[in-house]
$ cat run-v7.csv   # CSV, C-alpha atoms
chain,number,residue,atom,x,y,z
A,1,MET,CA,16.3,31.2,2.0
A,2,SER,CA,13.8,29.5,-0.3
A,3,VAL,CA,11.2,27.2,1.1
A,4,PHE,CA,10.3,23.6,0.2
A,5,LYS,CA,7.7,24.1,-2.5
A,6,ASP,CA,4.2,24.6,-0.9
A,7,HIS,CA,5.2,23.2,2.5
A,8,LYS,CA,6.8,26.4,3.8
A,9,ILE,CA,9.7,24.5,5.4
A,10,SER,CA,13.2,25.9,5.3
A,11,VAL,CA,16.5,23.9,5.3
A,12,SER,CA,17.4,25.4,8.7
A,13,GLN,CA,14.2,24.0,10.2
A,14,LEU,CA,14.9,20.5,8.9
A,15,LEU,CA,18.4,20.5,10.2
A,16,GLY,CA,17.1,21.5,13.6
A,17,VAL,CA,15.6,18.0,14.0
A,18,ILE,CA,18.9,16.2,13.3
A,19,PRO,CA,21.6,16.9,15.9
A,20,GLU,CA,25.1,17.5,14.4
A,21,ALA,CA,26.5,15.3,17.2
A,22,LEU,CA,24.7,12.3,15.6
A,23,LEU,CA,26.3,12.9,12.2
A,24,SER,CA,29.7,13.2,13.8
A,25,LYS,CA,29.3,10.1,15.9
A,26,LEU,CA,28.2,8.0,12.9
A,27,SER,CA,31.1,9.4,10.9
A,28,LEU,CA,33.3,7.7,13.5
A,29,THR,CA,31.4,4.4,13.9
A,30,THR,CA,30.9,3.8,10.2
A,31,LYS,CA,33.4,3.7,7.3
A,32,VAL,CA,31.8,6.7,5.6
A,33,ASP,CA,35.0,8.8,5.7
A,34,TYR,CA,37.4,6.0,4.7
A,35,TYR,CA,39.8,7.3,2.0
A,36,THR,CA,38.1,10.6,1.3
A,37,LYS,CA,39.6,14.1,1.2
A,38,VAL,CA,36.7,16.5,0.6
A,39,LEU,CA,33.3,14.8,0.5
A,40,HIS,CA,33.1,13.5,4.1
A,41,GLY,CA,29.9,11.8,5.2
A,42,LYS,CA,28.6,14.9,7.0
A,43,LYS,CA,29.2,17.1,4.0
A,44,MET,CA,27.5,14.6,1.7
A,45,PHE,CA,24.5,14.5,4.0
A,46,TYR,CA,24.2,18.3,4.0
A,47,LEU,CA,24.8,18.5,0.3
A,48,LEU,CA,22.1,15.9,-0.5
A,49,LEU,CA,19.6,17.3,2.0
A,50,TYR,CA,20.0,20.8,0.7
A,51,GLY,CA,20.0,19.6,-2.9
A,52,ILE,CA,16.7,17.7,-2.5
A,53,VAL,CA,15.0,20.6,-0.8
A,54,GLU,CA,16.3,23.4,-3.1
A,55,ASN,CA,16.0,21.7,-6.6
A,56,GLU,CA,13.0,20.8,-8.6
A,57,LYS,CA,14.9,18.0,-10.3
A,58,LEU,CA,18.1,16.9,-8.7
A,59,SER,CA,21.1,15.8,-10.7
A,60,GLN,CA,24.9,15.3,-10.2
A,61,ARG,CA,25.4,18.6,-12.1
A,62,THR,CA,23.1,20.5,-9.8
A,63,LEU,CA,24.8,19.0,-6.8
A,64,GLU,CA,28.2,20.2,-8.2
A,65,ASP,CA,26.8,23.7,-8.5
A,66,THR,CA,25.2,23.5,-5.0
A,67,PHE,CA,28.5,22.5,-3.3
A,68,ASN,CA,30.4,25.2,-5.1
A,69,ASP,CA,27.8,27.9,-4.2
A,70,PHE,CA,28.9,30.5,-1.6
A,71,LEU,CA,25.5,30.4,0.1
A,72,PHE,CA,25.7,26.6,0.7
A,73,LYS,CA,29.2,26.8,2.2
A,74,THR,CA,28.1,29.7,4.4
A,75,LEU,CA,25.0,27.9,5.7
A,76,PHE,CA,27.0,24.8,6.7
A,77,ASP,CA,30.2,26.6,7.7
A,78,LEU,CA,32.3,24.9,5.0
A,79,ASP,CA,35.7,25.9,3.7
A,80,LYS,CA,35.0,28.5,1.0
A,81,SER,CA,38.1,27.4,-1.0
A,82,GLU,CA,36.9,23.8,-1.5
A,83,THR,CA,35.4,22.9,-4.8
A,84,ILE,CA,34.3,19.6,-6.4
A,85,ARG,CA,33.4,18.3,-9.8
A,86,ARG,CA,30.4,16.2,-10.9
A,87,SER,CA,32.6,13.1,-11.5
A,88,SER,CA,33.7,13.3,-7.8
A,89,ILE,CA,30.1,13.3,-6.7
A,90,SER,CA,29.3,10.3,-9.0
A,91,GLU,CA,32.2,8.3,-7.7
A,92,ARG,CA,31.5,9.2,-4.0
A,93,LEU,CA,27.8,8.1,-4.4
A,94,SER,CA,28.9,4.8,-5.8
A,95,LYS,CA,31.3,4.0,-3.0
A,96,ILE,CA,30.2,5.8,0.1
A,97,ASP,CA,29.0,3.6,3.0
A,98,SER,CA,25.3,3.6,2.6
A,99,ASP,CA,24.9,2.3,6.2
A,100,TYR,CA,25.8,5.8,7.4
A,101,PHE,CA,22.6,7.2,5.7
A,102,CYS,CA,20.6,4.2,6.8
A,103,GLN,CA,21.4,4.8,10.4
A,104,ILE,CA,20.5,8.5,10.2
A,105,TYR,CA,17.2,7.5,8.6
A,106,GLN,CA,16.6,5.0,11.4
A,107,CYS,CA,17.4,7.5,14.1
A,108,VAL,CA,15.1,10.1,12.6
A,109,TYR,CA,12.3,7.5,12.2
A,110,GLN,CA,12.7,6.4,15.8
A,111,GLN,CA,12.7,9.9,17.1
A,112,PHE,CA,9.3,10.6,15.4
A,113,HIS,CA,8.0,7.1,16.2
A,114,ASP,CA,8.6,7.8,19.9
A,115,ALA,CA,7.2,11.3,19.7
A,116,TYR,CA,3.9,10.1,18.1
A,117,PRO,CA,3.2,6.7,19.6
A,118,ASN,CA,0.5,4.5,18.1
A,119,LYS,CA,-2.0,3.7,20.8
A,120,GLU,CA,-3.6,0.8,19.0
A,121,ARG,CA,-2.8,-2.7,20.2
A,122,HIS,CA,-1.7,-3.8,16.7
A,123,LEU,CA,0.4,-1.6,14.4
A,124,LEU,CA,-0.7,-1.9,10.8
A,125,ILE,CA,2.3,-1.9,8.5
A,126,HIS,CA,1.3,-1.4,4.8
A,127,VAL,CA,3.8,-2.9,2.4
A,128,ASP,CA,4.0,-2.1,-1.3
A,129,SER,CA,6.5,-1.5,-4.2
A,130,SER,CA,7.2,1.1,-6.8
A,131,MET,CA,9.4,0.8,-9.9
A,132,VAL,CA,11.7,3.5,-11.3
A,133,SER,CA,12.8,3.0,-14.9
A,134,GLU,CA,15.8,4.3,-16.9
A,135,ALA,CA,17.3,3.6,-20.3
A,136,SER,CA,19.1,0.2,-20.4
A,137,SER,CA,22.2,2.0,-21.8
A,138,ARG,CA,22.4,4.1,-18.6
A,139,LEU,CA,21.1,1.7,-15.9
A,140,LEU,CA,23.4,-1.2,-16.6
A,141,LYS,CA,22.3,-3.2,-13.6
A,142,GLY,CA,18.5,-3.4,-13.1
A,143,ILE,CA,15.3,-5.4,-13.8
A,144,ASP,CA,15.3,-5.7,-17.6
A,145,HIS,CA,12.0,-5.2,-19.3
A,146,LYS,CA,13.3,-6.1,-22.8
A,147,ASN,CA,12.0,-2.8,-24.2
A,148,GLY,CA,15.1,-0.7,-23.9
A,149,LYS,CA,14.5,0.1,-20.3
A,150,LYS,CA,15.6,-1.3,-16.9
A,151,SER,CA,14.1,-0.7,-13.6
A,152,VAL,CA,14.9,-0.4,-9.9
A,153,LYS,CA,12.3,-1.6,-7.5
A,154,TYR,CA,11.6,0.2,-4.2
A,155,SER,CA,9.8,-2.0,-1.7
A,156,MET,CA,8.6,-0.1,1.4
A,157,ALA,CA,6.8,-0.6,4.7
A,158,PHE,CA,4.7,2.3,6.0
A,159,ASP,CA,3.2,2.5,9.5
A,160,GLY,CA,0.4,4.9,8.6
A,161,LEU,CA,2.4,8.0,9.4
A,162,LEU,CA,6.0,7.4,8.3
A,163,PRO,CA,8.1,5.0,6.2
A,164,CYS,CA,9.5,2.4,8.6
A,165,HIS,CA,11.5,0.3,6.2
A,166,SER,CA,12.8,0.2,2.6
A,167,GLU,CA,14.6,-2.1,0.2
A,168,VAL,CA,16.2,-1.5,-3.2
A,169,PHE,CA,16.0,-4.4,-5.7
A,170,THR,CA,17.8,-4.6,-9.0
A,171,ARG,CA,17.9,-8.3,-9.8
A,172,ALA,CA,15.4,-9.8,-12.3
A,173,GLU,CA,13.8,-12.3,-9.8
A,174,TYR,CA,12.5,-9.4,-7.7
A,175,SER,CA,10.3,-8.2,-10.5
A,176,SER,CA,7.8,-10.6,-8.8
A,177,GLU,CA,6.2,-9.2,-5.7
A,178,ASP,CA,6.1,-12.8,-4.4
A,179,MET,CA,9.9,-12.4,-4.1
A,180,ALA,CA,10.3,-8.7,-3.1
A,181,LEU,CA,7.5,-8.1,-0.5
A,182,PRO,CA,8.3,-11.2,1.7
A,183,GLU,CA,11.9,-10.2,1.9
A,184,ALA,CA,11.0,-6.6,2.8
A,185,ILE,CA,8.6,-7.8,5.4
A,186,MET,CA,11.0,-10.4,7.0
A,187,ASN,CA,13.8,-7.8,7.1
A,188,HIS,CA,11.5,-5.4,8.9
A,189,VAL,CA,10.4,-8.2,11.3
A,190,LYS,CA,14.1,-8.8,12.2
A,191,GLN,CA,14.3,-5.1,13.3
A,192,GLU,CA,11.2,-5.4,15.6
A,193,THR,CA,11.5,-8.1,18.2
A,194,HIS,CA,8.3,-9.0,20.1
A,195,HIS,CA,6.3,-6.9,17.7
A,196,GLN,CA,2.5,-7.1,17.3
A,197,ASN,CA,2.5,-5.8,13.7
A,198,ILE,CA,0.0,-6.8,11.1
A,199,TYR,CA,1.3,-6.5,7.6
A,200,VAL,CA,-1.2,-5.4,5.0
A,201,ILE,CA,-0.5,-6.4,1.4
A,202,ASP,CA,-2.2,-5.9,-1.9
A,203,ARG,CA,-3.1,-8.5,-4.5
A,204,ALA,CA,0.5,-8.6,-5.8
A,205,LEU,CA,1.4,-11.3,-3.3
A,206,GLN,CA,-0.6,-14.5,-3.8
A,207,SER,CA,1.9,-17.3,-2.9
A,208,THR,CA,0.4,-19.8,-0.5
A,209,ARG,CA,3.9,-21.0,0.4
A,210,THR,CA,4.8,-17.4,1.4
A,211,MET,CA,1.6,-17.1,3.5
A,212,ASN,CA,2.5,-20.5,5.1
A,213,SER,CA,6.0,-19.3,5.9
A,214,PHE,CA,4.6,-16.1,7.5
A,215,THR,CA,2.5,-18.2,9.8
A,216,ASP,CA,5.5,-20.4,10.7
A,217,ASP,CA,7.5,-17.3,11.6
A,218,ALA,CA,4.6,-15.8,13.6
A,219,VAL,CA,4.1,-12.9,11.1
A,220,THR,CA,0.5,-11.8,11.0
A,221,PHE,CA,-0.7,-10.6,7.6
A,222,ILE,CA,-3.8,-9.4,5.8
A,223,ALA,CA,-3.7,-9.8,2.0
A,224,ARG,CA,-6.2,-9.2,-0.7
A,225,ALA,CA,-6.7,-12.4,-2.7
A,226,LYS,CA,-7.8,-12.9,-6.3
A,227,GLU,CA,-11.5,-13.5,-6.6
A,228,ASN,CA,-12.6,-17.2,-6.9
A,229,ARG,CA,-9.4,-18.5,-5.5
A,230,LYS,CA,-9.5,-22.2,-5.1
A,231,HIS,CA,-9.9,-23.4,-1.5
A,232,VAL,CA,-11.5,-25.9,0.8
A,233,GLU,CA,-13.8,-24.6,3.5
A,234,LEU,CA,-13.2,-26.2,6.9
A,235,GLN,CA,-15.5,-24.1,9.1
A,236,SER,CA,-17.7,-21.1,8.9
A,237,LEU,CA,-16.8,-18.4,11.3
A,238,VAL,CA,-20.0,-16.4,10.9
A,239,ARG,CA,-21.9,-16.3,14.2
A,240,GLN,CA,-25.7,-16.4,14.4
A,241,ALA,CA,-27.2,-12.9,14.0
A,242,GLN,CA,-23.8,-11.5,13.2
A,243,ASP,CA,-23.9,-8.0,11.8
A,244,SER,CA,-22.8,-8.1,8.1
A,245,ASP,CA,-22.2,-4.4,7.9
A,246,LEU,CA,-18.4,-3.8,7.3
A,247,GLY,CA,-18.7,-0.1,6.6
A,248,GLU,CA,-18.6,0.3,2.9
A,249,LEU,CA,-18.8,-3.4,2.4
A,250,THR,CA,-21.3,-6.2,3.2
A,251,LEU,CA,-20.0,-9.5,4.6
A,252,ILE,CA,-20.7,-12.5,2.4
A,253,LYS,CA,-18.4,-15.1,3.9
A,254,ASP,CA,-16.0,-15.6,6.8
A,255,SER,CA,-14.5,-19.0,6.9
A,256,LYS,CA,-11.6,-21.1,8.1
A,257,VAL,CA,-10.1,-22.6,4.9
A,258,GLN,CA,-7.2,-24.5,3.4
A,259,LEU,CA,-5.5,-23.2,0.3
A,260,TYR,CA,-3.9,-24.9,-2.6
A,261,THR,CA,-0.3,-24.6,-3.8
A,262,GLY,CA,1.6,-26.0,-6.7
A,263,LYS,CA,4.2,-28.8,-6.0
A,264,ALA,CA,7.0,-29.1,-8.5
A,265,ILE,CA,7.0,-32.6,-10.1
A,266,HIS,CA,10.0,-33.7,-12.3
A,267,ASN,CA,9.0,-36.2,-15.0
A,268,LYS,CA,11.3,-38.8,-16.6
A,269,LYS,CA,12.2,-36.4,-19.4
A,270,GLY,CA,13.5,-33.9,-16.9
A,271,ASN,CA,10.6,-31.4,-17.4
A,272,ILE,CA,8.9,-29.8,-14.5
A,273,HIS,CA,5.2,-29.5,-14.0
A,274,TYR,CA,3.2,-28.5,-11.0
A,275,ARG,CA,0.6,-30.6,-9.2
A,276,GLU,CA,-2.0,-28.9,-6.9
A,277,GLU,CA,-1.9,-29.9,-3.3
A,278,LEU,CA,-3.5,-28.5,-0.1
A,279,VAL,CA,-1.4,-26.8,2.5
A,280,GLU,CA,-2.2,-28.1,6.0
A,281,THR,CA,-2.0,-24.6,7.6
A,282,PRO,CA,-5.5,-23.2,7.9
A,283,PHE,CA,-6.1,-19.6,6.9
A,284,ARG,CA,-9.1,-17.3,7.2
A,285,LEU,CA,-11.0,-16.2,4.1
A,286,ILE,CA,-13.3,-13.2,4.2
A,287,ILE,CA,-15.4,-12.3,1.2
A,288,ALA,CA,-17.3,-9.0,1.1
A,289,LYS,CA,-18.9,-6.9,-1.6
A,290,THR,CA,-19.5,-3.2,-2.1
A,291,ILE,CA,-22.9,-1.6,-1.5
A,292,THR,CA,-23.4,-0.2,-5.0
A,293,ASP,CA,-25.7,-0.8,-7.9
A,294,ASP,CA,-22.8,-2.7,-9.6
A,295,PRO,CA,-21.4,-4.6,-6.6
A,296,LYS,CA,-17.7,-5.7,-6.6
A,297,GLU,CA,-16.3,-8.5,-4.5
A,298,PHE,CA,-13.3,-8.3,-2.3
A,299,TRP,CA,-11.5,-11.4,-1.0
A,300,PHE,CA,-9.2,-11.2,2.0
A,301,ILE,CA,-6.9,-13.9,3.3
A,302,THR,CA,-5.3,-13.6,6.8
A,303,ASN,CA,-3.8,-15.8,9.4
A,304,ASP,CA,-5.5,-13.7,12.2
A,305,PHE,CA,-8.5,-15.3,13.7
A,306,ASP,CA,-9.1,-12.8,16.5
A,307,LEU,CA,-9.9,-9.6,14.6
A,308,SER,CA,-13.5,-9.1,13.5
A,309,ALA,CA,-14.3,-9.2,9.8
A,310,LYS,CA,-15.0,-5.5,9.9
A,311,GLN,CA,-11.5,-4.8,11.5
A,312,VAL,CA,-9.9,-6.9,8.7
A,313,ALA,CA,-11.7,-4.9,6.0
A,314,GLN,CA,-10.9,-1.6,7.6
A,315,ALA,CA,-7.3,-2.5,8.0
A,316,TYR,CA,-7.0,-3.2,4.2
A,317,ARG,CA,-8.8,0.0,3.4
A,318,ARG,CA,-6.1,1.9,5.3
A,319,ARG,CA,-3.6,0.4,2.9
A,320,TRP,CA,-4.3,3.5,0.7
A,321,ASP,CA,-2.0,5.4,3.0
A,322,ILE,CA,1.1,3.9,1.4
A,323,GLU,CA,-0.3,4.8,-2.1
A,324,VAL,CA,-0.6,8.4,-1.0
A,325,PHE,CA,3.0,8.3,0.4
A,326,PHE,CA,4.4,6.9,-2.9
A,327,ARG,CA,2.6,9.7,-4.7
A,328,PHE,CA,4.0,12.3,-2.3
A,329,ILE,CA,7.7,11.2,-2.8
A,330,LYS,CA,7.3,10.9,-6.5
A,331,GLN,CA,5.5,14.3,-7.1
A,332,GLU,CA,7.1,16.4,-4.3
A,333,ILE,CA,10.6,14.9,-3.9
A,334,ASN,CA,11.0,13.4,-7.4
A,335,VAL,CA,12.1,10.0,-6.3
A,336,ASN,CA,11.3,8.6,-9.7
A,337,HIS,CA,14.4,10.4,-11.0
A,338,LEU,CA,17.7,8.5,-10.5
A,339,VAL,CA,20.5,10.8,-9.4
A,340,SER,CA,22.9,7.8,-9.3
A,341,LEU,CA,22.8,4.7,-11.5
A,342,ASN,CA,24.8,2.6,-9.1
A,343,LYS,CA,22.9,0.5,-6.6
A,344,ASN,CA,24.9,1.9,-3.6
A,345,GLY,CA,24.2,5.4,-4.8
A,346,ILE,CA,20.5,4.6,-5.4
A,347,GLU,CA,20.2,3.3,-1.8
A,348,VAL,CA,21.9,6.5,-0.4
A,349,MET,CA,19.5,8.7,-2.4
A,350,LEU,CA,16.5,6.6,-1.2
A,351,TYR,CA,17.5,7.0,2.4
A,352,MET,CA,18.0,10.7,1.9
A,353,THR,CA,14.6,11.0,0.2
A,354,LEU,CA,12.9,9.2,3.1
A,355,ILE,CA,14.7,11.4,5.7
A,356,VAL,CA,13.5,14.6,3.9
A,357,ALA,CA,10.0,13.1,3.5
A,358,MET,CA,9.7,12.3,7.2
A,359,LEU,CA,11.0,15.8,8.2
A,360,ILE,CA,8.5,17.5,5.8
A,361,LEU,CA,5.5,15.3,6.9
A,362,ILE,CA,6.1,15.8,10.6

$ encode --input "run-v7.csv" --output "structure tokens"
Amino acid sequence: MSVFKDHKISVSQLLGVIPEALLSKLSLTTKVDYYTKVLHGKKMFYLLLYGIVENEKLSQRTLEDTFNDFLFKTLFDLDKSETIRRSSISERLSKIDSDYFCQIYQCVYQQFHDAYPNKERHLLIHVDSSMVSEASSRLLKGIDHKNGKKSVKYSMAFDGLLPCHSEVFTRAEYSSEDMALPEAIMNHVKQETHHQNIYVIDRALQSTRTMNSFTDDAVTFIARAKENRKHVELQSLVRQAQDSDLGELTLIKDSKVQLYTGKAIHNKKGNIHYREELVETPFRLIIAKTITDDPKEFWFITNDFDLSAKQVAQAYRRRWDIEVFFRFIKQEINVNHLVSLNKNGIEVMLYMTLIVAMLILI
């Protein structure tokens, strides 16, 4: 059997991690096999897993060829007389219960999470998004860029080793990360009661209202702010004789501050304009610069007042992990190619991609 590109991993090895009993149990507890004759949930799981691993560029046509292949049926002990057409795969992806694949994904993640526990007091969760585009004539429901293309947004949370949460967004308002990332974070928080996670976010999220709501909901975050962001300093947190060495950065400022937000004002003509006002909730602003001949400033905003400035800077630096993961699933597993153009099918394919990614990485 062929191996997965340069990773030297066979399909048989991947399947060894996922007990067949789990697939059978979920087939009973979900509606995945409701009104289907051939492409039952377990068969779809095997087909998609095998298809992702064995094909450079997966498509509904290659899935059709895979299912009808003697080797595939032999490997998974399927009825050799069964055949399917591409149209059947397309329809099944659009209607199959995506929760079946979500639960498999969560079981695989939990299995590895328990096997490789993080010994740090706080678990850093890096959150970011990536867009996948397709021609508007093909992707009828997506974020319209008005240039003949529409996009699907994948927003993910990554714990430094594995992807721990994912969301698929197709509505226009989610083109803004101030909409997408908070929803992804809060949905992950709901899964993790009594957590001590710290969510690390890039400059894409700048909303003071969102940061305020994170504090209200006891969600700890570290975000990179835009330089020269308007604020009011309440108190300096720099101690006397404090070491300003933050590794590759030098500490310039560490302060307790208040941030401004825009308050919508309706005038007599019915128009809306925004008036700046201070948010009462205090935040922590850390400013540092690189140690180079051409220094660059980094501004960090957090609602954590216990970590040292160096810990905050290092936590943000580790955010690069999720960038590496996005590159991995795009280059190695070809996630930027849409096998299904239906949102349900896109969610199924994303869960399957993350399952394969976790199996390969571990």

$ residues_around --input "run-v7.csv" --residues "A:Glu233" --least-positions-apart "6" --cutoff "12 Å" --atoms "only C-alpha atoms" --output "list in words"
Lys253, Asp254, Ser255, Lys256, Val257, Gln258, Leu259, Tyr260, Leu278, Pro282, Phe283, Arg284, Leu285 and Ile286 of chain A

$ write_last_selection --input "run-v7.csv" --atoms "C-alpha atoms" --output "PDB file, in the frame of the given file"
ATOM      1  CA  LYS A 253     -18.400 -15.100   3.900  1.00  0.00           C
ATOM      2  CA  ASP A 254     -16.000 -15.600   6.800  1.00  0.00           C
ATOM      3  CA  SER A 255     -14.500 -19.000   6.900  1.00  0.00           C
ATOM      4  CA  LYS A 256     -11.600 -21.100   8.100  1.00  0.00           C
ATOM      5  CA  VAL A 257     -10.100 -22.600   4.900  1.00  0.00           C
ATOM      6  CA  GLN A 258      -7.200 -24.500   3.400  1.00  0.00           C
ATOM      7  CA  LEU A 259      -5.500 -23.200   0.300  1.00  0.00           C
ATOM      8  CA  TYR A 260      -3.900 -24.900  -2.600  1.00  0.00           C
ATOM      9  CA  LEU A 278      -3.500 -28.500  -0.100  1.00  0.00           C
ATOM     10  CA  PRO A 282      -5.500 -23.200   7.900  1.00  0.00           C
ATOM     11  CA  PHE A 283      -6.100 -19.600   6.900  1.00  0.00           C
ATOM     12  CA  ARG A 284      -9.100 -17.300   7.200  1.00  0.00           C
ATOM     13  CA  LEU A 285     -11.000 -16.200   4.100  1.00  0.00           C
ATOM     14  CA  ILE A 286     -13.300 -13.200   4.200  1.00  0.00           C
TER      15      ILE A 286
END

$ residues_near_point --input "run-v7.csv" --point "(17.3, 2.2, 8.2)" --cutoff "8 Å" --atoms "all atoms listed in the file" --output "PDB file with C-alpha atoms, in the frame of the given file"
ATOM      1  CA  ASP A  99      24.900   2.300   6.200  1.00  0.00           C
ATOM      2  CA  PHE A 101      22.600   7.200   5.700  1.00  0.00           C
ATOM      3  CA  CYS A 102      20.600   4.200   6.800  1.00  0.00           C
ATOM      4  CA  GLN A 103      21.400   4.800  10.400  1.00  0.00           C
ATOM      5  CA  ILE A 104      20.500   8.500  10.200  1.00  0.00           C
ATOM      6  CA  TYR A 105      17.200   7.500   8.600  1.00  0.00           C
ATOM      7  CA  GLN A 106      16.600   5.000  11.400  1.00  0.00           C
ATOM      8  CA  CYS A 107      17.400   7.500  14.100  1.00  0.00           C
ATOM      9  CA  CYS A 164       9.500   2.400   8.600  1.00  0.00           C
ATOM     10  CA  HIS A 165      11.500   0.300   6.200  1.00  0.00           C
ATOM     11  CA  SER A 166      12.800   0.200   2.600  1.00  0.00           C
ATOM     12  CA  TYR A 351      17.500   7.000   2.400  1.00  0.00           C
TER      13      TYR A 351
END

$ residues_near_point --input "run-v7.csv" --point "(-11.0, -11.6, -2.6)" --cutoff "8 Å" --atoms "only C-alpha atoms" --output "PyMOL selection string"
chain A and resi 224-229+286-288+297-301

$ atom_distance --input "run-v7.csv" --atom1 "atom CA of A:Tyr116" --atom2 "atom CA of A:Leu162"
10.4 Å

$ closest_residue --input "run-v7.csv" --among "A:Thr30, A:Gln110, A:Asn147, A:Gln60" --to "A:Glu192" --atoms "only C-alpha atoms"
A:Gln110

$ closest_residue --input "run-v7.csv" --among "A:Leu161, A:Ser27, A:Phe67, A:Tyr34" --to "A:Arg319" --atoms "all atoms listed in the file"
A:Leu161

$ residues_around --input "run-v7.csv" --residues "A:Leu249" --least-positions-apart "6" --cutoff "8 Å" --atoms "all atoms listed in the file" --output "list in words"
Ala288, Lys289, Thr290 and Ile291 of chain A

$ residues_around --input "run-v7.csv" --residues "A:Glu167" --least-positions-apart "6" --cutoff "10 Å" --atoms "only C-alpha atoms" --output "compact mmCIF listing (two decimals) with C-alpha atoms, in the frame of the given file"
# COMPACT_ATOMS: atom_id res chain seq x y z
CA SER A 129 6.50 -1.50 -4.20
CA LYS A 153 12.30 -1.60 -7.50
CA TYR A 154 11.60 0.20 -4.20
CA SER A 155 9.80 -2.00 -1.70
CA MET A 156 8.60 -0.10 1.40
CA ALA A 157 6.80 -0.60 4.70
CA ALA A 180 10.30 -8.70 -3.10
CA LEU A 181 7.50 -8.10 -0.50
CA GLU A 183 11.90 -10.20 1.90
CA ALA A 184 11.00 -6.60 2.80
CA ILE A 185 8.60 -7.80 5.40
CA ASN A 187 13.80 -7.80 7.10
CA HIS A 188 11.50 -5.40 8.90
CA GLU A 347 20.20 3.30 -1.80
CA LEU A 350 16.50 6.60 -1.20
CA TYR A 351 17.50 7.00 2.40

$ decode --input "run-v7.csv" --residues "stretch 61-72 of chain A" --atoms "N, CA, C and O atoms" --output "PDB file, in the first residue's frame"
ATOM      1  N   ARG A  61     -14.876  12.912  -8.130  1.00  0.00           N
ATOM      2  CA  ARG A  61     -14.590  11.913  -9.147  1.00  0.00           C
ATOM      3  C   ARG A  61     -13.589  10.886  -8.626  1.00  0.00           C
ATOM      4  O   ARG A  61     -13.747   9.674  -8.855  1.00  0.00           O
ATOM      5  N   THR A  62     -12.536  11.347  -7.947  1.00  0.00           N
ATOM      6  CA  THR A  62     -11.558  10.395  -7.410  1.00  0.00           C
ATOM      7  C   THR A  62     -12.163   9.567  -6.282  1.00  0.00           C
ATOM      8  O   THR A  62     -11.794   8.415  -6.090  1.00  0.00           O
ATOM      9  N   LEU A  63     -13.103  10.142  -5.537  1.00  0.00           N
ATOM     10  CA  LEU A  63     -13.795   9.370  -4.501  1.00  0.00           C
ATOM     11  C   LEU A  63     -14.647   8.267  -5.130  1.00  0.00           C
ATOM     12  O   LEU A  63     -14.740   7.157  -4.596  1.00  0.00           O
ATOM     13  N   GLU A  64     -15.284   8.584  -6.252  1.00  0.00           N
ATOM     14  CA  GLU A  64     -16.053   7.572  -6.985  1.00  0.00           C
ATOM     15  C   GLU A  64     -15.139   6.428  -7.413  1.00  0.00           C
ATOM     16  O   GLU A  64     -15.456   5.242  -7.213  1.00  0.00           O
ATOM     17  N   ASP A  65     -14.005   6.752  -8.017  1.00  0.00           N
ATOM     18  CA  ASP A  65     -13.055   5.739  -8.464  1.00  0.00           C
ATOM     19  C   ASP A  65     -12.525   4.923  -7.288  1.00  0.00           C
ATOM     20  O   ASP A  65     -12.331   3.707  -7.400  1.00  0.00           O
ATOM     21  N   THR A  66     -12.278   5.600  -6.156  1.00  0.00           N
ATOM     22  CA  THR A  66     -11.757   4.924  -4.971  1.00  0.00           C
ATOM     23  C   THR A  66     -12.752   3.898  -4.444  1.00  0.00           C
ATOM     24  O   THR A  66     -12.394   2.756  -4.145  1.00  0.00           O
ATOM     25  N   PHE A  67     -14.014   4.302  -4.313  1.00  0.00           N
ATOM     26  CA  PHE A  67     -15.026   3.395  -3.767  1.00  0.00           C
ATOM     27  C   PHE A  67     -15.206   2.168  -4.656  1.00  0.00           C
ATOM     28  O   PHE A  67     -15.429   1.054  -4.157  1.00  0.00           O
ATOM     29  N   ASN A  68     -15.129   2.371  -5.943  1.00  0.00           N
ATOM     30  CA  ASN A  68     -15.353   1.266  -6.885  1.00  0.00           C
ATOM     31  C   ASN A  68     -14.103   0.413  -7.115  1.00  0.00           C
ATOM     32  O   ASN A  68     -14.133  -0.547  -7.866  1.00  0.00           O
ATOM     33  N   ASP A  69     -13.012   0.793  -6.447  1.00  0.00           N
ATOM     34  CA  ASP A  69     -11.748   0.067  -6.611  1.00  0.00           C
ATOM     35  C   ASP A  69     -11.728  -1.204  -5.754  1.00  0.00           C
ATOM     36  O   ASP A  69     -12.130  -1.199  -4.587  1.00  0.00           O
ATOM     37  N   PHE A  70     -11.255  -2.294  -6.330  1.00  0.00           N
ATOM     38  CA  PHE A  70     -11.215  -3.584  -5.640  1.00  0.00           C
ATOM     39  C   PHE A  70     -10.352  -3.530  -4.379  1.00  0.00           C
ATOM     40  O   PHE A  70     -10.693  -4.103  -3.338  1.00  0.00           O
ATOM     41  N   LEU A  71      -9.216  -2.840  -4.447  1.00  0.00           N
ATOM     42  CA  LEU A  71      -8.302  -2.758  -3.309  1.00  0.00           C
ATOM     43  C   LEU A  71      -8.976  -2.090  -2.116  1.00  0.00           C
ATOM     44  O   LEU A  71      -8.852  -2.550  -0.973  1.00  0.00           O
ATOM     45  N   PHE A  72      -9.698  -0.995  -2.355  1.00  0.00           N
ATOM     46  CA  PHE A  72     -10.392  -0.289  -1.279  1.00  0.00           C
ATOM     47  C   PHE A  72     -11.416  -1.212  -0.615  1.00  0.00           C
ATOM     48  O   PHE A  72     -11.502  -1.279   0.617  1.00  0.00           O
TER      49      PHE A  72
END
